[in-house]
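Heads up, model-v2.txt below (compact mmCIF, C-alpha atoms):
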# COMPACT_ATOMS: atom_id res chain seq x y z
CA MET A 1 9.42 -30.58 -12.63
CA LYS A 2 10.37 -26.94 -12.98
CA PRO A 3 8.05 -24.36 -11.39
CA ILE A 4 5.37 -22.78 -13.57
CA LEU A 5 6.49 -19.28 -14.56
CA PRO A 6 3.80 -16.56 -14.61
CA ILE A 7 3.42 -14.43 -17.73
CA ASP A 8 2.80 -11.10 -16.02
CA ARG A 9 3.64 -7.48 -16.79
CA ALA A 10 7.08 -7.71 -15.20
CA GLU A 11 7.94 -10.72 -17.36
CA ILE A 12 6.61 -9.02 -20.49
CA LEU A 13 8.64 -5.85 -19.92
CA LYS A 14 11.81 -7.97 -19.95
CA ARG A 15 10.95 -9.12 -23.47
CA TYR A 16 9.05 -6.20 -25.05
CA LYS A 17 10.98 -4.04 -27.54
CA PRO A 18 9.51 -0.54 -28.06
CA ILE A 19 9.34 0.64 -31.67
CA ASN A 20 12.37 2.56 -32.91
CA ALA A 21 11.35 6.13 -33.80
CA PHE A 22 13.27 5.86 -37.09
CA THR A 23 11.86 2.54 -38.29
CA HIS A 24 9.93 2.01 -41.54
CA LYS A 25 7.63 -0.68 -42.89
CA GLY A 26 10.45 -2.39 -44.74
CA ILE A 27 12.18 -3.34 -41.50
CA GLN A 28 9.07 -3.97 -39.39
CA GLY A 29 8.73 -7.45 -40.85
CA HIS A 30 6.73 -9.03 -43.66
CA ALA A 31 4.35 -11.80 -42.55
CA LEU A 32 2.54 -14.33 -44.73
CA LEU A 33 -0.73 -15.84 -43.54
CA ILE A 34 -1.99 -18.94 -45.35
CA GLY A 35 -5.49 -20.33 -45.00
CA GLY A 36 -9.12 -19.84 -45.82
CA SER A 37 -11.59 -21.97 -47.74
CA TYR A 38 -15.10 -21.46 -49.05
CA GLY A 39 -17.22 -20.20 -46.14
CA LYS A 40 -14.19 -19.70 -43.87
CA ILE A 41 -12.47 -16.64 -45.30
CA GLY A 42 -13.38 -14.72 -42.14
CA SER A 43 -10.73 -16.67 -40.25
CA ILE A 44 -7.86 -15.43 -42.40
CA MET A 45 -9.41 -11.95 -42.49
CA LEU A 46 -9.23 -11.78 -38.69
CA SER A 47 -5.71 -13.23 -38.57
CA SER A 48 -4.32 -10.81 -41.13
CA LYS A 49 -5.90 -7.74 -39.55
CA ALA A 50 -4.58 -8.76 -36.12
CA CYS A 51 -1.15 -9.28 -37.68
CA LEU A 52 -1.10 -5.70 -38.95
CA LYS A 53 -2.47 -4.25 -35.71
CA THR A 54 0.30 -5.99 -33.75
CA GLY A 55 2.96 -3.97 -35.57
CA CYS A 56 4.00 -5.93 -38.64
CA GLY A 57 5.13 -3.64 -41.45
CA LEU A 58 3.72 -5.73 -44.32
CA VAL A 59 1.18 -8.54 -44.37
CA THR A 60 0.32 -10.81 -47.30
CA VAL A 61 -2.34 -13.52 -47.32
CA PHE A 62 -2.45 -16.59 -49.54
CA ILE A 63 -6.04 -17.78 -49.97
CA PRO A 64 -8.38 -19.52 -52.43
CA ARG A 65 -9.72 -17.28 -55.18
CA CYS A 66 -13.16 -17.06 -53.56
CA GLY A 67 -11.70 -14.87 -50.80
CA TYR A 68 -10.01 -12.26 -52.99
CA GLU A 69 -12.70 -9.55 -52.96
CA ILE A 70 -13.54 -10.24 -49.31
CA ILE A 71 -10.00 -9.61 -48.06
CA GLN A 72 -9.35 -6.67 -50.39
CA THR A 73 -12.55 -5.03 -49.12
CA ALA A 74 -12.33 -5.94 -45.43
CA ASN A 75 -8.57 -5.40 -45.02
CA PRO A 76 -7.38 -2.87 -47.61
CA GLU A 77 -3.95 -2.67 -45.96
CA VAL A 78 -3.31 -6.38 -46.61
CA MET A 79 -1.82 -7.73 -49.85
CA VAL A 80 -3.51 -10.75 -51.41
CA LEU A 81 -2.20 -13.73 -53.35
CA THR A 82 -4.63 -16.39 -54.55
CA ASP A 83 -4.52 -20.07 -55.35
CA ILE A 84 -5.59 -21.26 -58.79
CA GLN A 85 -8.50 -23.07 -57.11
CA GLU A 86 -11.70 -21.25 -56.27
CA LYS A 87 -12.72 -22.84 -52.96
CA GLN A 88 -9.63 -24.45 -51.38
CA LEU A 89 -5.87 -24.38 -51.50
CA SER A 90 -4.10 -26.65 -53.98
CA LYS A 91 -0.57 -25.21 -54.31
CA ILE A 92 1.09 -22.57 -52.16
CA GLU A 93 3.24 -20.21 -54.21
CA TYR A 94 4.62 -16.74 -53.41
CA ASN A 95 7.38 -14.56 -54.82
CA PHE A 96 8.84 -12.82 -51.75
CA SER A 97 10.72 -13.74 -48.58
CA PRO A 98 8.52 -13.45 -45.48
CA GLN A 99 10.11 -13.29 -42.05
CA ALA A 100 7.35 -15.47 -40.58
CA ILE A 101 4.40 -17.55 -41.77
CA GLY A 102 1.15 -18.41 -40.02
CA ILE A 103 -0.83 -21.27 -41.53
CA GLY A 104 -4.13 -22.94 -40.73
CA PRO A 105 -7.00 -20.54 -40.03
CA GLY A 106 -10.03 -21.55 -42.09
CA LEU A 107 -7.87 -23.92 -44.14
CA GLY A 108 -10.24 -26.89 -44.28
CA GLN A 109 -9.18 -30.52 -44.44
CA GLU A 110 -9.96 -31.58 -47.99
CA PRO A 111 -7.59 -34.28 -49.34
CA GLN A 112 -6.08 -31.84 -51.83
CA THR A 113 -5.53 -29.30 -49.06
CA GLN A 114 -3.82 -31.93 -46.92
CA GLN A 115 -1.40 -32.70 -49.74
CA THR A 116 -0.83 -28.98 -50.21
CA LEU A 117 0.18 -28.64 -46.56
CA HIS A 118 2.56 -31.57 -46.91
CA ASP A 119 4.22 -30.08 -49.99
CA PHE A 120 4.53 -26.71 -48.25
CA LEU A 121 6.22 -28.26 -45.21
CA VAL A 122 8.69 -30.16 -47.40
CA HIS A 123 10.03 -26.93 -48.89
CA ASN A 124 9.48 -24.32 -46.16
CA LYS A 125 12.37 -23.00 -44.07
CA VAL A 126 10.65 -19.87 -42.69
CA PRO A 127 9.70 -19.62 -38.96
CA LEU A 128 6.16 -20.93 -38.52
CA VAL A 129 3.00 -20.59 -36.47
CA ILE A 130 0.64 -23.53 -37.07
CA ASP A 131 -3.02 -23.38 -36.03
CA ALA A 132 -6.50 -24.75 -36.58
CA ASP A 133 -7.00 -27.09 -39.55
CA ALA A 134 -3.26 -27.27 -40.22
CA LEU A 135 -2.96 -28.84 -36.75
CA ASN A 136 -5.88 -31.17 -37.47
CA ILE A 137 -4.22 -32.31 -40.70
CA LEU A 138 -0.96 -32.98 -38.85
CA SER A 139 -2.85 -34.98 -36.22
CA GLN A 140 -4.05 -37.26 -39.04
CA ASN A 141 -0.55 -37.51 -40.55
CA LYS A 142 1.79 -37.56 -37.56
CA ASP A 143 4.80 -38.63 -39.63
CA TRP A 144 4.65 -35.17 -41.24
CA LEU A 145 5.67 -33.65 -37.89
CA ALA A 146 9.25 -34.49 -38.86
CA LEU A 147 8.93 -31.84 -41.61
CA VAL A 148 8.10 -29.04 -39.16
CA PRO A 149 11.03 -26.69 -38.34
CA LYS A 150 12.35 -26.69 -34.77
CA LYS A 151 10.79 -24.08 -32.48
CA THR A 152 7.66 -23.87 -34.61
CA ILE A 153 4.75 -22.53 -32.55
CA PHE A 154 1.60 -24.69 -32.32
CA THR A 155 -1.55 -22.96 -31.02
CA PRO A 156 -4.12 -25.70 -30.33
CA HIS A 157 -7.39 -25.36 -28.47
CA PRO A 158 -8.15 -28.34 -26.18
CA LYS A 159 -9.75 -30.54 -28.86
CA GLU A 160 -6.94 -29.89 -31.34
CA LEU A 161 -4.41 -30.68 -28.62
CA GLU A 162 -6.20 -33.96 -27.85
CA ARG A 163 -5.99 -34.98 -31.49
CA LEU A 164 -2.24 -34.37 -31.40
CA ILE A 165 -1.26 -35.95 -28.07
CA GLY A 166 -4.18 -38.26 -27.25
CA LYS A 167 -6.75 -38.17 -24.44
CA TRP A 168 -5.85 -37.32 -20.84
CA ASN A 169 -7.52 -37.98 -17.50
CA SER A 170 -6.25 -34.97 -15.53
CA ASP A 171 -4.67 -31.57 -15.99
CA SER A 172 -1.33 -32.96 -14.83
CA GLU A 173 -1.48 -35.76 -17.40
CA LYS A 174 -2.36 -33.25 -20.13
CA ARG A 175 0.62 -31.13 -19.12
CA ASP A 176 2.99 -34.09 -19.02
CA LYS A 177 1.86 -35.38 -22.41
CA THR A 178 2.23 -31.91 -23.91
CA ILE A 179 5.73 -31.57 -22.49
CA ALA A 180 6.66 -34.94 -24.00
CA PHE A 181 5.22 -33.88 -27.37
CA SER A 182 7.12 -30.57 -27.23
CA LEU A 183 10.38 -32.34 -26.41
CA GLN A 184 9.93 -35.04 -29.04
CA HIS A 185 9.25 -32.62 -31.88
CA HIS A 186 11.17 -29.53 -30.60
CA LEU A 187 8.03 -27.39 -30.64
CA ILE A 188 6.59 -24.51 -28.62
CA ILE A 189 2.99 -25.33 -27.67
CA VAL A 190 0.46 -22.61 -26.83
CA MET A 191 -2.19 -24.53 -24.88
CA LYS A 192 -5.19 -22.28 -25.29
CA GLY A 193 -7.54 -22.34 -22.32
CA ALA A 194 -8.27 -20.78 -18.95
CA PRO A 195 -5.50 -20.02 -18.27
CA THR A 196 -3.48 -20.35 -21.45
CA CYS A 197 -0.13 -22.05 -20.90
CA ILE A 198 2.96 -22.13 -23.09
CA ILE A 199 5.09 -25.27 -23.09
CA ASP A 200 8.68 -25.01 -24.30
CA GLY A 201 10.23 -28.38 -23.58
CA LYS A 202 10.17 -28.81 -19.81
CA THR A 203 9.53 -25.11 -19.16
CA ILE A 204 5.94 -24.05 -18.49
CA TYR A 205 4.64 -20.48 -18.64
CA GLU A 206 1.14 -19.58 -17.42
CA ASN A 207 -0.62 -16.46 -18.65
CA THR A 208 -2.12 -14.04 -16.14
CA THR A 209 -4.34 -12.02 -18.50
CA GLY A 210 -7.66 -12.82 -20.16
CA ASN A 211 -11.15 -13.83 -19.11
CA ALA A 212 -14.20 -15.76 -20.27
CA ALA A 213 -15.07 -13.10 -22.86
CA LEU A 214 -12.43 -14.71 -25.11
CA ALA A 215 -14.59 -17.84 -25.42
CA THR A 216 -16.03 -16.74 -28.74
CA ALA A 217 -15.52 -17.54 -32.42
CA GLY A 218 -12.41 -16.14 -34.08
CA THR A 219 -10.31 -15.19 -31.07
CA GLY A 220 -7.91 -18.04 -31.84
CA ASP A 221 -7.48 -16.78 -35.40
CA VAL A 222 -6.66 -13.36 -33.97
CA LEU A 223 -4.03 -14.88 -31.65
CA THR A 224 -2.40 -16.63 -34.62
CA GLY A 225 -2.10 -13.31 -36.43
CA MET A 226 -0.67 -11.58 -33.38
CA ILE A 227 2.00 -14.23 -32.73
CA THR A 228 2.93 -14.39 -36.43
CA SER A 229 3.31 -10.61 -36.45
CA LEU A 230 5.71 -10.65 -33.51
CA LEU A 231 7.70 -13.50 -35.05
CA ALA A 232 8.04 -11.49 -38.27
CA GLN A 233 9.30 -8.53 -36.22
CA SER A 234 12.30 -10.59 -35.09
CA TYR A 235 11.08 -11.64 -31.68
CA THR A 236 12.23 -15.16 -30.83
CA PRO A 237 9.57 -17.88 -31.16
CA LEU A 238 9.22 -18.14 -27.38
CA ASP A 239 9.00 -14.37 -26.87
CA SER A 240 6.49 -14.12 -29.74
CA ALA A 241 4.26 -16.70 -28.07
CA ILE A 242 4.58 -15.16 -24.60
CA LEU A 243 4.01 -11.57 -25.68
CA GLY A 244 1.20 -12.52 -28.09
CA VAL A 245 -0.70 -14.52 -25.48
CA TYR A 246 -0.31 -11.79 -22.85
CA LEU A 247 -1.49 -8.97 -25.13
CA HIS A 248 -4.35 -11.10 -26.48
CA GLY A 249 -5.65 -11.72 -22.97
CA LEU A 250 -5.08 -8.12 -21.94
CA THR A 251 -7.38 -6.84 -24.69
CA ALA A 252 -10.26 -8.75 -23.09
CA ASP A 253 -9.40 -7.38 -19.64
CA ILE A 254 -9.33 -3.82 -21.00
CA THR A 255 -12.55 -4.15 -23.01
CA LEU A 256 -14.73 -6.22 -20.65
CA PRO A 257 -16.14 -3.25 -18.66
CA ALA A 258 -17.51 -1.80 -21.90
CA THR A 259 -18.79 -4.97 -23.58
CA GLY A 260 -19.59 -7.46 -20.85
CA TYR A 261 -18.90 -11.12 -21.47
CA GLN A 262 -21.76 -11.77 -23.89
CA SER A 263 -21.12 -8.92 -26.33
CA PHE A 264 -17.37 -9.32 -26.73
CA ILE A 265 -16.29 -10.65 -30.16
CA ALA A 266 -12.97 -11.36 -31.87
CA SER A 267 -12.98 -7.99 -33.61
CA ASP A 268 -12.92 -6.36 -30.16
CA VAL A 269 -9.56 -8.03 -29.52
CA ILE A 270 -8.18 -6.45 -32.69
CA ALA A 271 -9.65 -3.04 -31.86
CA THR A 272 -7.99 -3.07 -28.44
CA ILE A 273 -4.48 -4.27 -29.36
CA GLY A 274 -3.26 -0.66 -29.45
CA LYS A 275 -4.44 0.01 -25.90
CA ALA A 276 -2.77 -3.19 -24.75
CA PHE A 277 0.54 -2.03 -26.22
CA LEU A 278 0.12 1.45 -24.74
CA SER A 279 -0.27 -0.07 -21.28
CA LEU A 280 3.28 -1.41 -21.62
CA GLU A 281 4.59 2.11 -22.12
CA VAL A 282 3.08 3.40 -18.87
CA LYS A 283 5.73 3.71 -16.15
Output the file's structure as structure tokens, nothing else.
Amino acid sequence: MKPILPIDRAEILKRYKPINAFTHKGIQGHALLIGGSYGKIGSIMLSSKACLKTGCGLVTVFIPRCGYEIIQTANPEVMVLTDIQEKQLSKIEYNFSPQAIGIGPGLGQEPQTQQTLHDFLVHNKVPLVIDADALNILSQNKDWLALVPKKTIFTPHPKELERLIGKWNSDSEKRDKTIAFSLQHHLIIVMKGAPTCIIDGKTIYENTTGNAALATAGTGDVLTGMITSLLAQSYTPLDSAILGVYLHGLTADITLPATGYQSFIASDVIATIGKAFLSLEVK
């Protein structure tokens, strides 16, 4: 087994690309985030805002019609496309070429939505981040994993991971089963937890940032938006996962003295992304 590689500041600085002073939104990447269902539009709202705050030039969401006014009001910088259905997704259609797609936050698992995910995977060729209910749907339809592009990033929390790889009796067994799953399906797995680890085949990376404040609703949706943003900005899938996880954890480290553990919420991650980036510029 290869040694576990720490995701620390030195490792991040090898991968981080400062913004070109002459860039513009047209070359900063266009990300598409797909998800949401009745009562769960907040998930895609958090993902899309985090995507913008992580540097993506353009962000579009594809959501059920019930979320249109919510997103347009909460995230005026985000563009919105809607499904023909009011409360859930039934057919994913868009008329542009995104550089990266994140799918799953708030998606729900209705039978029609499951079929919609299948149809999307059949036709999609764009680099992907898959999270939340999209992972749960795949865990119920494991033959669909063959439709997922190589080097797609999965971002499961422990229960979602268990549904994908089965139960484990120890941390070492969980790691070994995740490595086998990554190798079998050619995926990058972000194992959310304390600490968060990234599995890329037989290579394991362990994050050094973050704390218990992140154990609150919506922080996973934020991470999906951050990683999708970096992927759309032409970072490799592995670098997108590593940099996204590091910055996500760093926001909690920066903010904790002001909020404490109990008061920290997912929106605090988004509000602190800028400070996390600025810390990389300090010599």
Could you tell me, as a PDB file with C-alpha atoms, in the frame of the given file, which residues have any atom at most 7 Å from (1.0, -14.2, -31.8), counting only C-alpha atoms?
ATOM      1  CA  LEU A 223      -4.030 -14.880 -31.650  1.00  0.00           C
ATOM      2  CA  THR A 224      -2.400 -16.630 -34.620  1.00  0.00           C
ATOM      3  CA  GLY A 225      -2.100 -13.310 -36.430  1.00  0.00           C
ATOM      4  CA  MET A 226      -0.670 -11.580 -33.380  1.00  0.00           C
ATOM      5  CA  ILE A 227       2.000 -14.230 -32.730  1.00  0.00           C
ATOM      6  CA  THR A 228       2.930 -14.390 -36.430  1.00  0.00           C
ATOM      7  CA  SER A 229       3.310 -10.610 -36.450  1.00  0.00           C
ATOM      8  CA  LEU A 230       5.710 -10.650 -33.510  1.00  0.00           C
ATOM      9  CA  SER A 240       6.490 -14.120 -29.740  1.00  0.00           C
ATOM     10  CA  ALA A 241       4.260 -16.700 -28.070  1.00  0.00           C
ATOM     11  CA  GLY A 244       1.200 -12.520 -28.090  1.00  0.00           C
ATOM     12  CA  VAL A 245      -0.700 -14.520 -25.480  1.00  0.00           C
TER      13      VAL A 245
END
Within 12 Å of file point (4.8, -28.3, -50.7), counting all atoms listed in the file, expressed as a list in words: Leu89, Ser90, Lys91, Ile92, Glu93, Tyr94, Gln112, Thr113, Gln114, Gln115, Thr116, Leu117, His118, Asp119, Phe120, Leu121, Val122, His123, Asn124, Lys125, Trp144 and Leu147 of chain A
Spatial neighbours of Val61 in chain A, max dist 6 Å, all atoms listed in the file, sep filter under 3 positions, as a PyMOL selection string: chain A and resi 32-34+80
Step by step, gather every atom of range 223-241 of chain A that the file lists, find the box along x, y and z that holds them, add 5 Å on each side, and finally give centre and edge lengths in Å to one decimal, as AutoDock Vina command-line options.
--center_x 4.1 --center_y -13.3 --center_z -32.6 --size_x 26.3 --size_y 19.6 --size_z 21.4
Straight-line distance linking CA of Leu5 in chain A with CA of Glu206 in chain A, stated in Å to one decimal: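 CA of Glu206 in chain A lies 6.1 Å from CA of Leu5 in chain A.
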Best match for closeness to Cys66 in chain A among A:Ser234, A:Thr216, A:Thr155, A:Thr82, counting all atoms listed in the file: A:Thr82
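Here the question is which of A:Ile265, A:Ile204, A:Leu135, A:Ile273 gets nearest to Pro3 in chain A using only C-alpha atoms, and that residue is A:Ile204.
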A:Leu247, A:Ile165, A:Ile4, A:Ala232 ranked by distance to Ile27 in chain A, top pick (using all atoms listed in the file): A:Ala232
Nearest residue to Ala252 in chain A from the set A:Phe181, A:Phe264, A:Tyr68, A:Tyr16 (distances using all atoms listed in the file):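 Of the candidates, the smallest distance to Ala252 in chain A is held by A:Phe264.
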Closest contacts (range 54-119 of chain A/range 217-220 of chain A, max 12 Å, only C-alpha atoms) as a tab-separated table:
residue	atom	partner	partner_atom	distance
A:Gly104	CA	A:Gly220	CA	10.8
A:Pro105	CA	A:Gly220	CA	8.6
A:Gly106	CA	A:Gly218	CA	10.0
Residue contacts of Leu278 in chain A (12 Å, all atoms listed in the file) excluding same-chain residues fewer than 6 positions away, as an mmCIF file with C-alpha atoms, keeping the file's coordinate frame:
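Generated output (result28.cif):
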data_model
loop_
_atom_site.group_PDB
_atom_site.id
_atom_site.type_symbol
_atom_site.label_atom_id
_atom_site.label_comp_id
_atom_site.auth_asym_id
_atom_site.auth_seq_id
_atom_site.Cartn_x
_atom_site.Cartn_y
_atom_site.Cartn_z
ATOM 1 C CA TYR A 16 9.050 -6.200 -25.050
ATOM 2 C CA PRO A 18 9.510 -0.540 -28.060
ATOM 3 C CA ILE A 19 9.340 0.640 -31.670
ATOM 4 C CA THR A 54 0.300 -5.990 -33.750
ATOM 5 C CA LEU A 247 -1.490 -8.970 -25.130
ATOM 6 C CA LEU A 250 -5.080 -8.120 -21.940
ATOM 7 C CA THR A 251 -7.380 -6.840 -24.690
ATOM 8 C CA ILE A 254 -9.330 -3.820 -21.000
ATOM 9 C CA THR A 272 -7.990 -3.070 -28.440
#
Fewer than 4 positions away in the same chain doesn't count, so skip those; otherwise give me all residues within 10 Å of Lys17 in chain A, counting all atoms listed in the file, as a compact mmCIF listing (two decimals) with C-alpha atoms, in the coordinates of the input.
# COMPACT_ATOMS: atom_id res chain seq x y z
CA ILE A 12 6.61 -9.02 -20.49
CA LEU A 13 8.64 -5.85 -19.92
CA GLN A 233 9.30 -8.53 -36.22
CA TYR A 235 11.08 -11.64 -31.68
Best match for closeness to His30 in chain A among A:Ile44, A:Ile7, A:Ala266, A:Ala100, counting all atoms listed in the file: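 Of A:Ile44, A:Ile7, A:Ala266, A:Ala100, the one nearest His30 in chain A is A:Ala100, counting all atoms listed in the file.
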Option closest in space to Ser48 in chain A, from A:Ile188, A:Leu243, A:Val222, A:Leu81 [counting only C-alpha atoms]: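 For Ser48 in chain A, the nearest of the given residues is A:Val222.
Using all atoms listed in the file, the residues found no farther than 12 Å from Asp143 in chain A, other than those of its own chain fewer than 3 positions away, are His118, Leu121, Ile137, Leu138, Ser139, Gln140, Ala146, Leu147, Val148, Leu164 and His185 of chain A.
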Distance in Å - CA of Lys142 in chain A versus CA of Asp200 in chain A: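 Interatomic distance here is 19.5 Å.
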